[in-house]
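Below is one structure; the comments refer to it alone.
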Amino acid sequence: MVKLDSEKIILELLEGGNVANKLPSYEPRQAQLDLLELIIKSFNEDAFCMAEAGTGVGKSFAYLLPVMHFAQAAKQLSGNKHPSGSKTPKPVVISTATITLQQQLYEKDIPLVSSSMDGEIKTVLMKGRGNYICIRRLEDVLLEPPLDKQEYDELKKIDSWAKTAVKAGFINGGKSELPFMPSDSVWAYVCCESDLCLGNHCSFKENCFIIKLRKEASNANIIVVNHHLLFADLSVRSQGAGYENAVILPAFDRLVIDEAHTIEHAATSFFSAEFSRIGIFHHLGKLLNKRRANYRGLLVKLFAILPPDNDILNEIAEIIDNVRKRAEELDEYALEICANEGLYRLSPLIDESFLKRGLFPHLKALRKQILKLTDTIRGVTESLDEEQVYHSAAWETRTIIRRFESITETIDAFCKYKKFENDVLWIERKRSSKDTSFSRNWAVFTRTPLDLAPKLKESVFSPNKTVVCVSATLALNEDFSFWAKSCGITDLPKRCVLSGCFPSPFPYSSAVLLAVPVDAPLPDETGYQEFINKAAGSLVSTAEGSTLVLFTSYQSLTAAYLETRDELNSFGIRCLKQGDDDRTRLLNNFVTDIKSCLFATNSFWEGVDAPGDTLKMVIICRLPFRTPDDPVLEARCEAIQKKGGNPFMELSLPLSVMKFKQGFGRLMRRSGDKGVVIVLDGRILKKSYGKLFLQSLPETKTSFDCFNNIIVDIENFLYS
């Protein structure tokens with residue numbers, strides 16, 4: 001059994017240590033050393049670890065050192081031969097929230113630590129299949145190219161690059177390696193998809209980028225993934241693939257989760273199911289579509305290897321038309337019942353007779369036609385011989401049939417929603433960002449677990465010996481109970497669970513001013529939006545730009561932006577608004593222009609890294625309570641109330657405090673940063689629960705005064 005030498009590893013991060021000497025700007029950080037010691041203990045005791053590490057602690061090095069020493073020791077202990085028969089012992093998996101963080105670990109941090117150690121530690125970076133080229137799909141689409149010339153030209157460029165990559169022996173055939181950024185529509189033609197993969201039956205397997213990558217991963221000591229890929233793997237394992245075999249990732253039992261506060265969100269997509277008219281039309285179009293007078297699609301290719309039978313093809317074409325009609329009718333009805341609220345949840349409190357008169361008949365009509373389609377096509381595929389079964393058209397056709405069968409299962413759950421007490425089922429209106437007219441709206445039917453804790457317990461924690469969860473926001477006033485319960489850790493009483501809070505070394509007490517105007521109207525009072533509009537303009541102009549304005553409502557955001565834009569532009573301040581461009585370009589424009597401000601909501605409460613004069617002020621317009629019509633939150637609140645609990649105190653408030661901490665954390669990104677966080681929601685001072693928000697923050701300078709006096713305090717703080 002591997003045992004890490006705590007004293008030896010800690011010395012590497014002390015002044016004069018192997019790793020410390022290689023850091024370009026080394027600073028001794030006690031919080032980092034304490035975090036390092038806790039993580040070492042987690043590996044030595046086969047424990048779970050929950051660690052909240054403030055900005056600037058240096059958490060990546062605090063977990064990389066134990067991970068790399070453990071991987072090296074395990075390799076040496078096994079003599080490069082694991083008892084299971086694999087060439088190497090099980091790897092340690094590190095999962096991050098984003099591909100960007102993956103790249104930083106793999107290209108910068110891991111090589112730095114590795115260079116200070118003796119012996120080779122093999123590390124592999126793995127992304128989701130959708131990031132890689134499938135050579136078979138690329139060849140197929142070139143044989144039947146899209147009619148759009150621009151798309152065809154892109155495909156030819158991808159093909160040229162892929163041939164060069166194969167010839168050169170590249171392991172990665174990733175989207176990020178391409179010399180240009182392909183359009184989403186073109187990439188969808190050629191990217192890898194798990195259920196479309198022919199595996200060993202593929203004629204292109206010798207040059208397959210995914211197979212090469214997995215071979216590399218099977219011999220790795222450390223694998224760096226993102227949460228999306230991690231849960232793609234874990235969801236398959238939890239559905240029966242098991243934890244001792246290679247699935248998407250090799251088998252592993254030591255896991256580090258960075259940005260762990262996001263894992264519940266990441267897991268949701270893999271333990272949920274959804275369908276929509278848009279998705280159904282996409283699948284139907286791949287099966288069969290008519291261009292001018294001719295049919296195209298998988299079924300045309302499939303029938304090309306079978307005896308001619310125009311009657312059955314025409315029959316399938318008619319059924320496909322019926323599926324389209326039923327999907328269209330269901331979509332129109334669903335949009336009507338979503339009405340102005342934009343969503344409709346099926347709950348025990350609604351009038352079921354209303355559903356029986358309208359929604360259920362539409363759902364059942366669609367289900368009937370889909371089943372007719374799948375049965376008819378399956379009758380065709382059953383006549384294929386052993387060689388034809390693995391023809392690409394046959395394989396992809398069966399894949400789409402399985403996807404349709406999954407849709408019928410979701411439809412069935414909606415029709416029998418009362419039997420699915422542990423699921424939340426709802427319909428939500430979506431609208432295209434390119435066209436907001438009603439004709440561009442569509443409805444999405446979603447089924448998701450009411451409580452993800454059992455799923456996370458079963459897939460993340462129970463199977464693994466060590467799981468280290470690190471984030472800047474996991475605890476509420478140094479108490480991990482809320483997060484631990486939501487992830488199922490509290491239901492593992494026989495396992496050792498370690499935890500600790502490691503404060504940021506940044507000088508918040510002198511470098512940050514926290515301000516709250518005492519004369520601001522409360523959010524439910526008349527004049528609140530007008531106050532936000534005027535306050536935002538005054539505050540941004542006082543900071544001369546360099547401001548992130550955070551909202552909880554896009555409607556409120558738009559109102560404030562339109563009210564202040566012209567005035568701020570006249571001062572030479574560039575106003576950026578979420579929704580006007582994609583997230584990456586917006587952030588890049590904001591970071592590179594210190595005379596700019598960004599009006600944003602939702603995802604911008606975290607993941608914004610704008611150090612120095614780029615960001616001198618964060619305006620939090622409203623405490624980030626989730627909207628009461630959030631279907632999952634609503635269902636979970638009802639479940640808490642049913643058990644006699646207090647939904648606000650047990651769920652809504654903790655979630656809001658966690659998000660508030662994320663918003664506050666946007667300001668200080670480097671030790672030399674200085675700035676202001678102003679909260680325009682008076683509830684933080686006037687409501688009894690407001691102290692929980694204040695207590696969650698590090699000690700700062702404060703200005704709790706009338707708005708005009710706060711403006712003066714901000715000017716003195718920023719410019720004196």
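A note on labels: chains of the structure tokens are A, B, ... as shown, every chain counts residues from 1, and ligands are counted from 1 in their shown order.
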Handout entry: Long-range neighbours of Thr262 of chain A as a VMD selection string, 10 Å cut-off, only C-alpha atoms, 5 positions minimum in chain
Key = chain A and resid 96 to 97 227 257 267 471 473 to 474
Exercise for the section: DSSP on the backbone, then: every residue of segment 613-701 of chain A marked helix (DSSP H, G or I), written as number ranges by chain. Expected result: A: 613-614, 631-642, 647-664, 683-686, 690-695
Practice task
Please identify all polymer residues within 9 Å of Glu405 of chain A, counting only C-alpha atoms, omitting same-chain residues fewer than 3 positions from it, and present them as a list in words.
Solution key: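 Listed by chain and then number, they are Ile370, Leu371, Thr374, Ile400, Ile401, Arg402, Thr408, Glu409 and Thr410 of chain A.
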Dump as JSON lines the rows for residues of segment 220-313 of chain A within 12 Å of segment 112-129 of chain A: closest atom pair and distance in Å with one decimal, only C-alpha atoms counted, ordered by chain and rising residue number.
{"residue": "A:Ala220", "atom": "CA", "partner": "A:Lys122", "partner_atom": "CA", "distance": 5.1}
{"residue": "A:Asn221", "atom": "CA", "partner": "A:Lys122", "partner_atom": "CA", "distance": 5.2}
{"residue": "A:Ile222", "atom": "CA", "partner": "A:Thr123", "partner_atom": "CA", "distance": 4.7}
{"residue": "A:Ile223", "atom": "CA", "partner": "A:Val124", "partner_atom": "CA", "distance": 4.9}
{"residue": "A:Val224", "atom": "CA", "partner": "A:Leu125", "partner_atom": "CA", "distance": 4.9}
{"residue": "A:Val225", "atom": "CA", "partner": "A:Met126", "partner_atom": "CA", "distance": 5.3}
{"residue": "A:Asn226", "atom": "CA", "partner": "A:Lys127", "partner_atom": "CA", "distance": 6.8}
{"residue": "A:His227", "atom": "CA", "partner": "A:Lys127", "partner_atom": "CA", "distance": 9.7}
{"residue": "A:His228", "atom": "CA", "partner": "A:Gly128", "partner_atom": "CA", "distance": 7.2}
{"residue": "A:Leu229", "atom": "CA", "partner": "A:Gly128", "partner_atom": "CA", "distance": 5.2}
{"residue": "A:Leu230", "atom": "CA", "partner": "A:Gly128", "partner_atom": "CA", "distance": 8.9}
{"residue": "A:Phe231", "atom": "CA", "partner": "A:Gly128", "partner_atom": "CA", "distance": 10.3}
{"residue": "A:Ala232", "atom": "CA", "partner": "A:Gly128", "partner_atom": "CA", "distance": 8.2}
{"residue": "A:Asp233", "atom": "CA", "partner": "A:Gly128", "partner_atom": "CA", "distance": 9.8}
{"residue": "A:Ile248", "atom": "CA", "partner": "A:Gly128", "partner_atom": "CA", "distance": 9.1}
{"residue": "A:Leu249", "atom": "CA", "partner": "A:Met126", "partner_atom": "CA", "distance": 8.7}
{"residue": "A:Pro250", "atom": "CA", "partner": "A:Met126", "partner_atom": "CA", "distance": 11.2}
Problem - Who sits within 7 Å of Leu615 of chain A, only C-alpha atoms, same chain under 4 positions skipped, as a PyMOL selection string - result: chain A and resi 546-547+610-611+667
For the selection just defined, write its residues with N, CA and C atoms to a file, as a PDB file, in the first residue's frame.
ATOM      1  N   SER A 546     -14.137  49.543 -15.878  1.00  0.00           N
ATOM      2  CA  SER A 546     -13.523  48.476 -15.064  1.00  0.00           C
ATOM      3  C   SER A 546     -14.514  47.885 -14.068  1.00  0.00           C
ATOM      4  N   THR A 547     -15.765  47.690 -14.519  1.00  0.00           N
ATOM      5  CA  THR A 547     -16.830  47.259 -13.612  1.00  0.00           C
ATOM      6  C   THR A 547     -17.592  46.080 -14.181  1.00  0.00           C
ATOM      7  N   ALA A 610     -10.414  38.620 -14.177  1.00  0.00           N
ATOM      8  CA  ALA A 610     -10.011  39.919 -14.728  1.00  0.00           C
ATOM      9  C   ALA A 610      -9.167  40.654 -13.693  1.00  0.00           C
ATOM     10  N   PRO A 611      -7.869  40.368 -13.646  1.00  0.00           N
ATOM     11  CA  PRO A 611      -7.010  40.950 -12.607  1.00  0.00           C
ATOM     12  C   PRO A 611      -6.639  42.405 -12.897  1.00  0.00           C
ATOM     13  N   LEU A 667     -13.661  39.832  -7.801  1.00  0.00           N
ATOM     14  CA  LEU A 667     -12.866  41.061  -7.683  1.00  0.00           C
ATOM     15  C   LEU A 667     -11.374  40.800  -7.497  1.00  0.00           C
TER      16      LEU A 667
END
Handout entry: Residues near segment 440-455 of chain A, cut-off 7 Å, only C-alpha atoms, skip fewer than 3 positions along chain, as a PyMOL selection string
Key = chain A and resi 271-277+331+334-335+422-432+435-437+458-459+486-488+632+636
Exercise for the section: Using only C-alpha atoms, determine which residues lie at most 8 Å from Ser510 of chain A, disregarding the query and same-chain residues fewer than 3 positions distant; provide the list as JSON, numbers by chain. Expected result: {"A": [507, 513, 700, 701]}
Same residues, all heavy atoms, saved as a compact mmCIF listing (two decimals), in the first residue's frame:
# COMPACT_ATOMS: atom_id res chain seq x y z
N PRO A 507 -4.83 40.48 0.78
CA PRO A 507 -5.12 41.45 1.85
C PRO A 507 -6.49 42.10 1.71
O PRO A 507 -6.62 43.30 1.47
CB PRO A 507 -4.00 42.48 1.66
CG PRO A 507 -3.72 42.47 0.19
CD PRO A 507 -3.91 41.04 -0.24
N LEU A 513 -13.18 47.25 -0.46
CA LEU A 513 -14.24 48.00 0.22
C LEU A 513 -15.56 47.33 -0.11
O LEU A 513 -15.92 47.19 -1.27
CB LEU A 513 -14.26 49.45 -0.24
CG LEU A 513 -15.43 50.31 0.28
CD1 LEU A 513 -15.31 50.53 1.79
CD2 LEU A 513 -15.51 51.65 -0.47
N THR A 700 -13.25 42.85 5.31
CA THR A 700 -12.93 43.94 4.38
C THR A 700 -13.19 45.28 5.06
O THR A 700 -13.75 45.34 6.16
CB THR A 700 -13.82 43.88 3.13
OG1 THR A 700 -15.18 44.15 3.51
CG2 THR A 700 -13.74 42.53 2.44
N LYS A 701 -12.81 46.36 4.39
CA LYS A 701 -13.30 47.67 4.78
C LYS A 701 -14.78 47.73 4.42
O LYS A 701 -15.23 47.03 3.49
CB LYS A 701 -12.54 48.77 4.03
CG LYS A 701 -11.08 48.93 4.46
CD LYS A 701 -10.44 50.08 3.70
CE LYS A 701 -9.00 50.29 4.15
NZ LYS A 701 -8.91 50.75 5.56
Handout entry: Coordinates-based distance that separates atom CA of Ala484 of chain A from atom CA of Leu633 of chain A (Å, one decimal)
Key =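 Distance reported for this atom pair: 17.8 Å.
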